[in-house]
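Visitor: So here's protein-v1.txt (compact mmCIF, C-alpha atoms).
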```txt
# COMPACT_ATOMS: atom_id res chain seq x y z
CA MET A 1 24.06 -139.53 28.91
CA ALA A 2 27.08 -137.98 30.68
CA ALA A 3 25.00 -135.09 32.09
CA PRO A 4 22.30 -137.28 33.77
CA LEU A 5 25.02 -139.54 35.20
CA THR A 6 26.91 -136.53 36.57
CA LEU A 7 23.70 -135.18 38.14
CA LEU A 8 22.99 -138.59 39.65
CA LEU A 9 26.50 -138.74 41.15
CA ILE A 10 26.12 -135.25 42.62
CA VAL A 11 22.77 -136.16 44.23
CA ALA A 12 24.16 -139.45 45.61
CA ILE A 13 27.27 -137.78 47.07
CA THR A 14 25.14 -134.97 48.59
CA VAL A 15 22.79 -137.46 50.29
CA ARG A 16 25.72 -139.40 51.76
CA ALA A 17 27.55 -136.25 52.91
CA ALA A 18 24.37 -134.95 54.59
CA LEU A 19 23.83 -138.25 56.43
CA TYR A 20 27.47 -138.31 57.57
CA ARG A 21 26.87 -134.96 59.26
CA SER A 22 23.58 -136.02 60.84
CA SER A 23 22.92 -137.73 64.16
CA LEU A 24 21.77 -140.83 62.28
CA ALA A 25 25.31 -141.84 61.28
CA ASP A 26 26.15 -143.39 64.68
CA LEU A 27 22.79 -145.17 64.84
CA ILE A 28 23.21 -146.63 61.34
CA SER A 29 26.74 -147.83 62.07
CA GLU A 30 25.36 -149.96 64.94
CA ARG A 31 22.69 -151.73 62.89
CA VAL A 32 23.34 -155.47 62.53
CA GLU A 33 21.62 -155.45 59.14
CA VAL A 34 24.15 -152.95 57.79
CA VAL A 35 27.44 -154.11 59.33
CA SER A 36 28.79 -157.51 60.30
CA PRO A 37 31.74 -158.66 62.44
CA LEU A 38 33.75 -158.65 59.21
CA THR A 39 32.82 -155.26 57.80
CA ALA A 40 32.11 -153.04 60.85
CA TRP A 41 34.03 -149.76 60.90
CA LYS A 42 34.43 -149.90 64.70
CA ARG A 43 36.44 -153.10 64.31
CA VAL A 44 38.64 -151.44 61.70
CA VAL A 45 39.30 -148.59 64.15
CA GLU A 46 40.20 -151.15 66.84
CA GLY A 47 42.60 -152.84 64.42
CA LEU A 48 44.21 -149.49 63.58
CA ALA A 49 44.68 -148.73 67.30
CA LEU A 50 46.42 -152.07 67.82
CA LEU A 51 48.60 -151.50 64.74
CA ASP A 52 49.65 -148.06 66.03
CA LEU A 53 50.66 -149.68 69.34
CA GLY A 54 52.88 -152.16 67.50
CA VAL A 55 50.56 -155.09 68.25
CA SER A 56 49.22 -157.38 65.54
CA PRO A 57 45.59 -156.41 64.84
CA TYR A 58 44.82 -160.15 64.61
CA SER A 59 46.11 -160.97 68.09
CA GLY A 60 42.63 -160.64 69.56
CA ASP A 61 39.19 -161.58 68.29
CA VAL A 62 38.08 -158.12 67.17
CA PHE A 63 39.51 -157.38 63.73
CA HIS A 64 38.81 -159.76 60.84
CA GLU A 65 39.36 -157.66 57.72
CA THR A 66 42.29 -158.24 55.36
CA PRO A 67 45.72 -156.63 55.92
CA LEU A 68 45.45 -154.47 52.77
CA ILE A 69 42.26 -152.87 54.15
CA ILE A 70 43.85 -151.95 57.47
CA TYR A 71 46.98 -150.57 55.80
CA LEU A 72 44.82 -148.63 53.34
CA PHE A 73 42.99 -146.92 56.20
CA HIS A 74 46.24 -146.51 58.12
CA PHE A 75 46.92 -143.74 55.60
CA LEU A 76 43.34 -142.72 54.78
CA VAL A 77 41.65 -142.88 58.19
CA ASP A 78 41.13 -139.11 58.19
CA TYR A 79 39.49 -139.37 54.78
CA ALA A 80 37.40 -142.48 55.50
CA GLU A 81 34.10 -140.85 54.54
CA MET A 82 35.49 -139.70 51.18
CA THR A 83 36.96 -143.19 50.60
CA PHE A 84 33.61 -144.93 51.07
CA ILE A 85 31.77 -142.38 48.90
CA LEU A 86 34.44 -142.81 46.22
CA ALA A 87 34.03 -146.60 46.41
CA ASP A 88 30.29 -146.25 45.74
CA VAL A 89 30.94 -143.86 42.85
CA ILE A 90 33.49 -146.26 41.32
CA THR A 91 31.04 -149.16 41.66
CA ALA A 92 28.19 -147.21 40.05
CA VAL A 93 30.32 -145.94 37.15
CA ALA A 94 31.76 -149.43 36.58
CA LEU A 95 28.23 -150.92 36.49
CA TYR A 96 27.10 -148.13 34.15
CA LEU A 97 29.94 -148.81 31.69
CA THR A 98 29.43 -152.58 32.01
CA VAL A 99 25.74 -152.46 31.13
CA LYS A 100 26.33 -149.96 28.34
CA ASP A 101 28.86 -152.27 26.67
CA TYR A 102 26.73 -155.36 27.34
CA ASN A 103 23.65 -153.76 25.75
CA LYS A 104 25.66 -152.96 22.62
CA GLN A 105 26.66 -156.62 22.35
CA VAL A 106 23.08 -157.81 22.96
CA PHE A 107 21.75 -155.48 20.28
CA ARG A 108 24.45 -156.60 17.82
CA LYS A 109 23.65 -160.30 18.37
CA GLN A 110 19.94 -159.59 18.11
CA LYS A 111 20.46 -157.73 14.81
CA TYR A 112 22.44 -160.64 13.31
CA ALA A 113 19.78 -163.12 14.46
CA LEU A 114 17.02 -161.03 12.85
CA GLU A 115 18.94 -160.79 9.59
CA ALA A 116 19.39 -164.57 9.61
CA ASP A 117 15.65 -165.12 10.35
CA ARG A 118 16.43 -167.15 13.47
CA TYR A 119 13.44 -165.84 15.44
CA PRO A 120 9.88 -167.14 14.84
CA LEU A 121 7.56 -164.47 13.44
CA ASP A 122 5.18 -164.55 16.42
CA CYS A 123 7.92 -163.61 18.93
CA LEU A 124 9.07 -160.37 17.31
CA GLU A 125 7.34 -158.48 20.14
CA LEU A 126 9.98 -159.93 22.48
CA ILE A 127 12.78 -158.23 20.54
CA ARG A 128 14.38 -155.38 22.47
CA SER A 129 14.51 -151.94 20.84
CA PRO A 130 17.42 -149.45 21.10
CA LYS A 131 15.05 -146.91 22.67
CA GLU A 132 14.11 -149.39 25.39
CA MET A 133 17.77 -150.19 26.12
CA PHE A 134 19.09 -146.60 26.01
CA TYR A 135 18.39 -145.61 29.62
CA ILE A 136 19.13 -148.98 31.22
CA PRO A 137 22.80 -148.14 32.14
CA LEU A 138 21.62 -144.97 33.91
CA LYS A 139 18.90 -146.93 35.72
CA VAL A 140 21.48 -149.45 36.91
CA ALA A 141 23.68 -146.67 38.31
CA MET A 142 20.59 -145.12 39.93
CA PHE A 143 19.48 -148.45 41.40
CA TYR A 144 22.88 -148.78 43.05
CA LEU A 145 23.58 -145.21 44.19
CA LEU A 146 20.08 -144.35 45.44
CA ASN A 147 19.25 -147.75 46.88
CA PRO A 148 18.66 -147.25 50.65
CA PHE A 149 20.70 -150.40 51.30
CA THR A 150 23.73 -148.88 49.53
CA ILE A 151 23.31 -145.53 51.27
CA LEU A 152 23.05 -147.16 54.70
CA SER A 153 26.12 -149.29 54.02
CA CYS A 154 28.13 -146.24 52.94
CA VAL A 155 27.04 -144.09 55.90
CA ALA A 156 27.90 -146.93 58.30
CA LYS A 157 31.36 -147.07 56.63
CA SER A 158 30.95 -150.79 56.04
CA THR A 159 33.90 -152.26 54.13
CA CYS A 160 31.32 -154.15 52.05
CA GLY A 161 31.36 -151.09 49.77
CA LEU A 162 35.02 -151.73 48.96
CA ASN A 163 34.26 -155.38 48.17
CA ASN A 164 31.45 -154.27 45.85
CA ALA A 165 33.85 -151.93 44.05
CA ALA A 166 36.30 -154.78 43.43
CA ILE A 167 33.51 -157.03 42.09
CA ALA A 168 32.12 -154.25 39.88
CA LEU A 169 35.57 -153.60 38.38
CA PHE A 170 35.96 -157.34 37.78
CA ILE A 171 32.62 -157.46 35.93
CA LEU A 172 33.56 -154.38 33.86
CA SER A 173 36.95 -155.88 32.91
CA THR A 174 35.28 -159.16 31.95
CA VAL A 175 32.59 -157.54 29.78
CA LYS A 176 35.24 -155.38 28.11
CA GLY A 177 37.18 -158.58 27.31
CA ASN A 178 40.34 -157.68 29.27
CA VAL A 179 41.53 -161.07 30.51
CA LEU A 180 44.39 -159.81 32.70
CA LEU A 181 42.37 -157.14 34.54
CA SER A 182 39.49 -159.58 34.96
CA ALA A 183 41.80 -162.08 36.67
CA ILE A 184 43.41 -159.37 38.83
CA PHE A 185 40.14 -157.88 40.09
CA LEU A 186 38.67 -161.34 40.68
CA SER A 187 41.71 -162.21 42.79
CA VAL A 188 41.23 -158.96 44.78
CA ALA A 189 37.55 -159.78 45.36
CA THR A 190 38.42 -163.37 46.38
CA TYR A 191 41.16 -162.10 48.70
CA GLN A 192 38.58 -159.92 50.40
CA SER A 193 35.89 -162.53 51.06
CA ILE A 194 36.54 -165.94 49.37
CA TYR A 195 33.01 -166.27 47.93
CA PRO A 196 33.62 -164.33 44.65
CA LEU A 197 35.69 -167.35 43.60
CA THR A 198 32.40 -168.74 42.22
CA LEU A 199 32.33 -165.93 39.63
CA CYS A 200 35.33 -167.49 37.91
CA ALA A 201 33.15 -169.85 35.82
CA ALA A 202 31.03 -166.99 34.46
CA ALA A 203 34.13 -164.97 33.59
CA LEU A 204 35.67 -167.90 31.71
CA LEU A 205 32.46 -168.53 29.76
CA TYR A 206 32.13 -164.87 28.77
CA LEU A 207 35.76 -164.40 27.79
CA MET A 208 35.73 -167.59 25.73
CA GLN A 209 32.65 -166.32 23.91
CA ARG A 210 34.46 -163.05 23.17
CA GLN A 211 37.39 -164.96 21.70
CA TYR A 212 35.21 -167.53 19.87
CA ILE A 213 36.63 -170.45 21.85
CA PRO A 214 34.05 -173.27 22.02
CA VAL A 215 33.22 -174.89 25.36
CA ASN A 216 34.46 -178.31 24.33
CA PHE A 217 36.45 -180.53 26.69
CA ARG A 218 38.14 -182.19 23.72
CA ARG A 219 39.54 -178.95 22.28
CA ALA A 220 43.08 -177.94 23.27
CA SER A 221 42.18 -174.24 22.92
CA PHE A 222 39.56 -174.64 25.67
CA TRP A 223 42.02 -176.04 28.20
CA TRP A 224 44.78 -173.64 27.14
CA PHE A 225 42.57 -170.61 27.79
CA ILE A 226 41.52 -171.98 31.21
CA ALA A 227 45.20 -172.57 32.06
CA GLN A 228 46.08 -168.99 31.05
CA TYR A 229 43.28 -167.46 33.10
CA ALA A 230 44.02 -169.71 36.10
CA PHE A 231 47.70 -168.73 35.94
CA MET A 232 46.87 -165.00 35.92
CA TYR A 233 44.24 -165.38 38.65
CA LEU A 234 46.31 -167.57 40.98
CA GLY A 235 49.43 -165.51 40.28
CA SER A 236 47.63 -162.28 41.22
CA LEU A 237 46.19 -163.92 44.35
CA PHE A 238 49.64 -165.21 45.32
CA VAL A 239 51.14 -161.72 44.94
CA ILE A 240 48.38 -160.14 47.07
CA VAL A 241 48.71 -162.81 49.79
CA CYS A 242 52.50 -162.43 49.89
CA LEU A 243 52.20 -158.63 49.98
CA SER A 244 49.91 -159.01 53.01
CA PHE A 245 52.54 -161.21 54.67
CA PHE A 246 55.31 -158.66 54.07
CA LEU A 247 53.17 -155.82 55.41
CA LEU A 248 52.13 -157.73 58.52
CA GLY A 249 55.24 -159.87 59.06
CA SER A 250 53.24 -163.01 59.85
CA TRP A 251 50.53 -165.34 58.57
CA ASP A 252 48.21 -164.57 61.51
CA TYR A 253 45.64 -163.02 59.20
CA LEU A 254 44.87 -166.28 57.36
CA PRO A 255 42.97 -168.02 60.20
CA SER A 256 41.66 -164.70 61.50
CA VAL A 257 40.13 -163.67 58.17
CA TYR A 258 39.40 -166.78 56.10
CA GLY A 259 39.09 -169.16 59.05
CA PHE A 260 36.62 -166.69 60.58
CA ILE A 261 34.52 -166.58 57.38
CA LEU A 262 34.42 -170.38 57.00
CA SER A 263 34.09 -171.48 60.64
CA VAL A 264 31.57 -168.76 61.70
CA PRO A 265 32.62 -168.45 65.37
CA ASP A 266 30.91 -165.07 65.92
CA LEU A 267 27.14 -165.58 66.12
CA THR A 268 26.17 -161.93 66.25
CA PRO A 269 22.68 -161.64 64.69
CA ASN A 270 22.57 -160.52 61.05
CA ILE A 271 20.35 -160.93 57.99
CA GLY A 272 21.93 -164.29 57.12
CA LEU A 273 20.94 -167.87 57.79
CA PHE A 274 23.88 -169.01 59.94
CA TRP A 275 23.74 -167.22 63.28
CA TYR A 276 20.51 -168.59 64.81
CA PHE A 277 20.96 -172.11 63.48
CA PHE A 278 24.46 -172.50 64.92
CA ALA A 279 23.51 -170.80 68.19
CA GLU A 280 21.03 -173.66 68.73
CA MET A 281 23.29 -176.36 67.26
CA PHE A 282 24.81 -179.14 69.40
CA GLU A 283 28.58 -178.86 69.21
CA HIS A 284 29.21 -182.38 67.88
CA PHE A 285 26.96 -181.65 64.85
CA ARG A 286 28.51 -178.26 64.15
CA LEU A 287 31.21 -179.30 61.64
CA PHE A 288 28.81 -181.33 59.50
CA PHE A 289 26.20 -178.59 59.22
CA LEU A 290 28.89 -175.95 58.76
CA CYS A 291 30.05 -177.82 55.65
CA VAL A 292 26.45 -178.19 54.46
CA PHE A 293 25.75 -174.46 54.84
CA GLN A 294 29.04 -173.30 53.31
CA ILE A 295 28.81 -175.63 50.33
CA ASN A 296 25.57 -173.92 49.24
CA VAL A 297 27.44 -170.92 47.84
CA PHE A 298 29.75 -173.10 45.76
CA PHE A 299 27.38 -175.96 44.89
CA TYR A 300 25.06 -173.97 42.61
CA THR A 301 27.95 -172.78 40.42
CA ILE A 302 28.15 -175.99 38.38
CA PRO A 303 24.44 -176.48 37.48
CA LEU A 304 23.95 -172.77 36.82
CA SER A 305 27.06 -172.66 34.63
CA ILE A 306 25.80 -175.64 32.60
CA LYS A 307 22.32 -174.15 32.16
CA LEU A 308 23.48 -170.58 31.45
CA LYS A 309 26.70 -171.26 29.54
CA GLU A 310 25.39 -169.17 26.61
CA HIS A 311 24.41 -166.29 28.94
CA PRO A 312 27.36 -165.62 31.30
CA VAL A 313 26.25 -162.09 32.29
CA PHE A 314 22.95 -163.42 33.63
CA LEU A 315 25.02 -166.15 35.33
CA ILE A 316 27.03 -163.43 37.10
CA PHE A 317 23.77 -161.88 38.33
CA MET A 318 22.59 -165.26 39.62
CA GLN A 319 25.90 -165.97 41.36
CA LEU A 320 25.96 -162.57 43.05
CA ALA A 321 22.47 -163.26 44.40
CA VAL A 322 23.45 -166.73 45.64
CA ILE A 323 26.52 -165.27 47.39
CA SER A 324 24.51 -162.52 49.11
CA ILE A 325 21.90 -165.02 50.36
CA PHE A 326 24.12 -167.90 51.50
CA LYS A 327 27.35 -166.26 52.69
CA SER A 328 28.14 -166.52 56.38
CA TYR A 329 28.08 -162.80 57.24
CA PRO A 330 25.81 -161.00 54.74
CA THR A 331 24.78 -157.34 54.95
CA VAL A 332 22.36 -155.18 53.01
CA GLY A 333 25.31 -153.88 50.97
CA ASP A 334 25.71 -157.33 49.38
CA ILE A 335 22.05 -157.33 48.36
CA ALA A 336 22.33 -153.85 46.82
CA LEU A 337 24.97 -155.06 44.34
CA TYR A 338 22.89 -157.76 42.66
CA MET A 339 19.69 -155.69 42.86
CA ALA A 340 21.43 -153.00 40.79
CA PHE A 341 21.24 -155.43 37.85
CA LEU A 342 17.43 -155.71 37.95
CA PRO A 343 16.88 -152.95 35.32
CA VAL A 344 19.04 -154.98 32.89
CA TRP A 345 16.35 -157.66 32.95
CA SER A 346 13.37 -155.28 32.72
CA HIS A 347 12.33 -157.03 29.47
CA LEU A 348 11.53 -160.13 31.56
CA HIS A 349 8.70 -158.44 33.51
CA ARG A 350 5.93 -159.95 31.37
CA PHE A 351 7.09 -163.44 32.42
CA LEU A 352 7.56 -162.78 36.15
CA ARG A 353 4.95 -164.50 38.29
CA ASN A 354 5.45 -163.30 41.89
CA ILE A 355 7.18 -159.95 41.54
CA PHE A 356 4.49 -157.91 43.34
CA LEU A 357 4.21 -160.30 46.28
CA VAL A 358 7.99 -160.67 46.63
CA SER A 359 8.52 -156.89 46.46
CA CYS A 360 5.95 -156.36 49.22
CA VAL A 361 7.57 -159.02 51.40
CA LEU A 362 11.05 -157.51 50.93
CA LEU A 363 9.79 -154.02 51.81
CA ALA A 364 7.85 -155.29 54.83
CA CYS A 365 10.82 -157.28 56.13
CA SER A 366 13.15 -154.29 55.67
CA ALA A 367 10.78 -152.19 57.79
CA LEU A 368 10.31 -154.89 60.43
CA PHE A 369 14.01 -155.59 61.02
CA PRO A 370 14.58 -152.58 63.36
CA VAL A 371 11.13 -153.02 64.95
CA LEU A 372 11.70 -156.65 66.00
CA TRP A 373 15.29 -155.87 67.03
CA HIS A 374 13.98 -153.17 69.37
CA LEU A 375 11.32 -155.49 70.79
CA TRP A 376 13.93 -158.18 71.41
CA ILE A 377 16.94 -156.22 72.69
CA TYR A 378 15.43 -153.11 74.28
CA ALA A 379 11.75 -153.72 75.12
CA GLY A 380 12.25 -157.36 76.11
CA SER A 381 8.81 -158.26 74.80
CA ALA A 382 10.14 -160.53 72.03
CA ASN A 383 13.01 -162.98 71.61
CA SER A 384 15.50 -164.15 69.00
CA ASN A 385 12.86 -166.34 67.34
CA PHE A 386 10.98 -163.23 66.19
CA TYR A 387 14.06 -161.65 64.64
CA TYR A 388 15.19 -164.88 62.97
CA ALA A 389 11.67 -165.44 61.59
CA ILE A 390 11.78 -162.12 59.74
CA THR A 391 15.35 -162.90 58.62
CA LEU A 392 14.19 -166.24 57.26
CA LEU A 393 11.26 -164.63 55.45
CA PHE A 394 13.58 -161.99 53.99
CA ASN A 395 15.90 -164.66 52.57
CA VAL A 396 13.00 -166.75 51.26
CA ALA A 397 11.75 -163.63 49.45
CA GLN A 398 15.20 -163.15 47.91
CA ILE A 399 15.26 -166.78 46.76
CA LEU A 400 11.78 -166.38 45.22
CA LEU A 401 12.88 -163.17 43.50
CA VAL A 402 15.97 -164.77 41.96
CA SER A 403 14.06 -167.94 41.04
CA ASP A 404 11.38 -165.85 39.36
CA TYR A 405 13.94 -164.01 37.23
CA PHE A 406 15.62 -167.31 36.39
CA TYR A 407 12.28 -168.77 35.26
CA ALA A 408 11.42 -165.64 33.26
CA PHE A 409 14.82 -165.62 31.54
CA LEU A 410 14.59 -169.29 30.52
CA ARG A 411 11.00 -168.87 29.35
CA ARG A 412 11.88 -165.90 27.12
CA GLU A 413 14.78 -167.83 25.60
CA HIS A 414 12.45 -170.77 24.94
CA HIS A 415 9.93 -168.50 23.19
CA LEU A 416 12.68 -166.93 21.07
CA THR A 417 13.52 -170.43 19.84
CA TYR A 418 10.09 -172.08 19.49
CA GLY A 419 7.69 -169.15 19.23
CA LEU A 420 5.57 -167.16 21.63
CA TYR A 421 2.28 -168.97 21.07
CA LEU A 422 2.93 -172.67 21.47
CA LYS A 423 0.57 -175.22 19.93
CA ARG A 424 0.01 -178.91 20.56
CA LYS A 425 -0.10 -181.41 17.69
CA ASP A 426 -3.90 -181.16 17.62
CA GLY A 427 -3.71 -177.36 17.23
CA SER A 428 -4.81 -176.44 20.76
CA GLU A 429 -2.85 -173.99 22.90
CA ALA A 430 0.04 -175.54 24.86
CA THR A 431 1.25 -174.63 28.35
CA LEU A 432 4.97 -174.24 28.95
CA VAL A 433 6.22 -176.10 32.04
CA LEU A 434 9.87 -175.82 33.05
CA LYS A 435 11.21 -178.84 34.94
```
Once you've parsed the file, please lay out its structure as structure tokens.

Guide:
Amino acid sequence: MAAPLTLLLIVAITVRAALYRSSLADLISERVEVVSPLTAWKRVVEGLALLDLGVSPYSGDVFHETPLIIYLFHFLVDYAEMTFILADVITAVALYLTVKDYNKQVFRKQKYALEADRYPLDCLELIRSPKEMFYIPLKVAMFYLLNPFTILSCVAKSTCGLNNAAIALFILSTVKGNVLLSAIFLSVATYQSIYPLTLCAAALLYLMQRQYIPVNFRRASFWWFIAQYAFMYLGSLFVIVCLSFFLLGSWDYLPSVYGFILSVPDLTPNIGLFWYFFAEMFEHFRLFFLCVFQINVFFYTIPLSIKLKEHPVFLIFMQLAVISIFKSYPTVGDIALYMAFLPVWSHLHRFLRNIFLVSCVLLACSALFPVLWHLWIYAGSANSNFYYAITLLFNVAQILLVSDYFYAFLRREHHLTYGLYLKRKDGSEATLVLK
């Protein structure tokens, strides 16, 4: 498997290097679907210029990345292209190793369940074979590296790629069962964009499963493990925040980075749900609806964690999708990260209901984004309503995609427990309805 992965990495690096040298690089870096006010490389360059002049990069309203990012590129600005390519490679390799280890655990659990005769006889066709699972890690790496969304994000030098690398390393550390590294990488991801905080629940559930700690509020071991993980996570976050203070010499970055993410003052169009709504919003309603929109990312964590407490890796996939849909400044790079996990759930295809329609809508919307932008901004024959309509359709398609996978996952688990061909008491065929 090492040779195909190496070949894949070579192809991915070659494609990115060729695009960096083409005339398309400048065009891609201007696309609002690819970069946001948080992740745009031009804003990082502006911040570096202010830093070189001895002025705080947060003194204006241009730079909104974290201090560690600007100090990283203070030393690596001449090697920025290599840095972003390396970030994509690290993410892909981390996802590859994650899925490889996860598949081994799935196969082991499946083997024990078969030996214990836990599965009904009529659902043996749902059992996953080693041959079927063998190429899934490579497919995941391929889905990430060769995804046009990932390539565009890398060529635009969007700092979203660095955030994805931190999240991928967090997932790898969690699946490997390394509690300390999991907490450290989660704190790095949270430091970068706040929203990965919601992945904490999935990490705790997975790590407790690895250590055979039951999810029981009455057990001391449950609370002790949560306290340990919280201490490592908050301690790492505290160290990173303090390091940022010592590098910058002030706390100016806190309102400029995290206040900017939460208050959404920049309404530059993007593929998210915030910009148009708040551009039309009356000012005295703004705070209320801001809270309503922001709470979406965090609200779904509790019900999803309760429903998927036995399946924390699928919970991570769901949370990544929720973050990419409902965050305040999303880009296509955020979508590429959760879409890389789709091959892991390839065994759910027989239960998916709308996959063809949703795929067509996502492809059509991706093609129409630049068309409607041109008609609005350059041709003047359209307006913001056209662009927001396609944005809204794109997000609805994502929600339908994630909901479909959620339904398919729950249905398969139900069949593995009660059988594939359900019967009523009178012997007639039953229909499964999930409520």

Visitor: What is the distance between CA of Ala25 (chain A) and CA of Val93 (chain A), in Å to one decimal?

Guide: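 Here the two named atoms are 25.0 Å from each other.
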
Visitor: If we count all atoms listed in the file and set the cut-off at 12 Å, which residues sit around Leu287 (chain A), ignoring sequence neighbours fewer than 4 positions away in its own chain? Please answer as a PyMOL selection string.

Guide: chain A and resi 262-265+278+281-283+291-294

Visitor: Report, in Å to a single decimal, how far apart CA of Ser59 (chain A) and CA of Ser250 (chain A) are.

Guide: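 For CA of Ser250 (chain A) relative to CA of Ser59 (chain A), the distance reads 11.1 Å.
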
Visitor: Enumerate, in order of chain and increasing residue number, the residues of region 144-253 of chain A with an atom no farther than 12 Å from region 2-11 of chain A, each with its shortest atom pair and distance in Å to one decimal, counting only C-alpha atoms, as a Markdown table.

Guide:
```
| residue | atom | partner | partner_atom | distance |
| --- | --- | --- | --- | --- |
| A:Tyr144 | CA | A:Leu8 | CA | 10.7 |
| A:Leu145 | CA | A:Leu9 | CA | 7.7 |
| A:Leu146 | CA | A:Leu8 | CA | 8.7 |
| A:Ile151 | CA | A:Val11 | CA | 11.7 |
```

Visitor: Between A:Ala156, A:Ile323, A:Ile399, A:Leu51, which is the closest to Val34 (chain A) once you count all atoms listed in the file?

Guide: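 Checking each of A:Ala156, A:Ile323, A:Ile399, A:Leu51 against Val34 (chain A), counting all atoms listed in the file, the winner is A:Ala156.
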
Visitor: Which residue, A:Cys123, A:Ile184, A:Ala340, A:Leu72, has the smallest gap to Val239 (chain A) when you use only C-alpha atoms?

Guide: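 Under the stated criterion, the closest residue is A:Ile184.
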
Visitor: Extract, using all atoms listed in the file, all DNA, RNA and protein residues at most 10 Å from Gln211 (chain A), discarding same-chain residues fewer than 3 positions from it, and format them as an NGL selection string.

Guide: :A and (177 or 206-208 or 214 or 225)

Visitor: Could you give me, as a list in words, the residues within 9 Å of Ile194 (chain A), counting only C-alpha atoms and dropping anything in the same chain fewer than 5 positions from it?

Guide: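 Near Ile194 (chain A), the qualifying residues are Ala189, Tyr258 and Ile261 of chain A.
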
Visitor: Pull out region 126-138 of chain A, keep N, CA and C atoms, and write it as a PDB file, in the first residue's frame.

Guide:
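Now in result-v5.pdb:
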```
ATOM      1  N   LEU A 126     -24.570  -7.896   5.031  1.00  0.00           N
ATOM      2  CA  LEU A 126     -24.151  -6.548   5.438  1.00  0.00           C
ATOM      3  C   LEU A 126     -22.762  -6.537   6.075  1.00  0.00           C
ATOM      4  N   ILE A 127     -22.217  -7.718   6.351  1.00  0.00           N
ATOM      5  CA  ILE A 127     -20.912  -7.808   6.993  1.00  0.00           C
ATOM      6  C   ILE A 127     -19.831  -7.366   6.019  1.00  0.00           C
ATOM      7  N   ARG A 128     -18.908  -6.584   6.468  1.00  0.00           N
ATOM      8  CA  ARG A 128     -17.843  -6.045   5.614  1.00  0.00           C
ATOM      9  C   ARG A 128     -16.685  -7.036   5.527  1.00  0.00           C
ATOM     10  N   SER A 129     -16.161  -7.219   4.332  1.00  0.00           N
ATOM     11  CA  SER A 129     -15.062  -8.162   4.113  1.00  0.00           C
ATOM     12  C   SER A 129     -13.725  -7.428   4.127  1.00  0.00           C
ATOM     13  N   PRO A 130     -12.631  -8.122   4.472  1.00  0.00           N
ATOM     14  CA  PRO A 130     -11.299  -7.482   4.456  1.00  0.00           C
ATOM     15  C   PRO A 130     -10.924  -6.953   3.072  1.00  0.00           C
ATOM     16  N   LYS A 131     -11.338  -7.671   2.026  1.00  0.00           N
ATOM     17  CA  LYS A 131     -11.035  -7.227   0.662  1.00  0.00           C
ATOM     18  C   LYS A 131     -11.704  -5.894   0.359  1.00  0.00           C
ATOM     19  N   GLU A 132     -12.937  -5.770   0.812  1.00  0.00           N
ATOM     20  CA  GLU A 132     -13.702  -4.522   0.607  1.00  0.00           C
ATOM     21  C   GLU A 132     -13.062  -3.353   1.351  1.00  0.00           C
ATOM     22  N   MET A 133     -12.502  -3.627   2.531  1.00  0.00           N
ATOM     23  CA  MET A 133     -11.964  -2.559   3.381  1.00  0.00           C
ATOM     24  C   MET A 133     -10.500  -2.221   3.068  1.00  0.00           C
ATOM     25  N   PHE A 134      -9.837  -3.063   2.248  1.00  0.00           N
ATOM     26  CA  PHE A 134      -8.389  -2.927   2.062  1.00  0.00           C
ATOM     27  C   PHE A 134      -7.995  -1.594   1.436  1.00  0.00           C
ATOM     28  N   TYR A 135      -8.740  -1.166   0.411  1.00  0.00           N
ATOM     29  CA  TYR A 135      -8.346   0.042  -0.330  1.00  0.00           C
ATOM     30  C   TYR A 135      -9.000   1.319   0.193  1.00  0.00           C
ATOM     31  N   ILE A 136      -9.804   1.206   1.235  1.00  0.00           N
ATOM     32  CA  ILE A 136     -10.498   2.391   1.740  1.00  0.00           C
ATOM     33  C   ILE A 136      -9.533   3.481   2.234  1.00  0.00           C
ATOM     34  N   PRO A 137      -8.467   3.154   2.995  1.00  0.00           N
ATOM     35  CA  PRO A 137      -7.534   4.227   3.411  1.00  0.00           C
ATOM     36  C   PRO A 137      -6.940   4.992   2.236  1.00  0.00           C
ATOM     37  N   LEU A 138      -6.582   4.259   1.162  1.00  0.00           N
ATOM     38  CA  LEU A 138      -6.032   4.923  -0.029  1.00  0.00           C
ATOM     39  C   LEU A 138      -7.084   5.803  -0.697  1.00  0.00           C
TER      40      LEU A 138
END
```
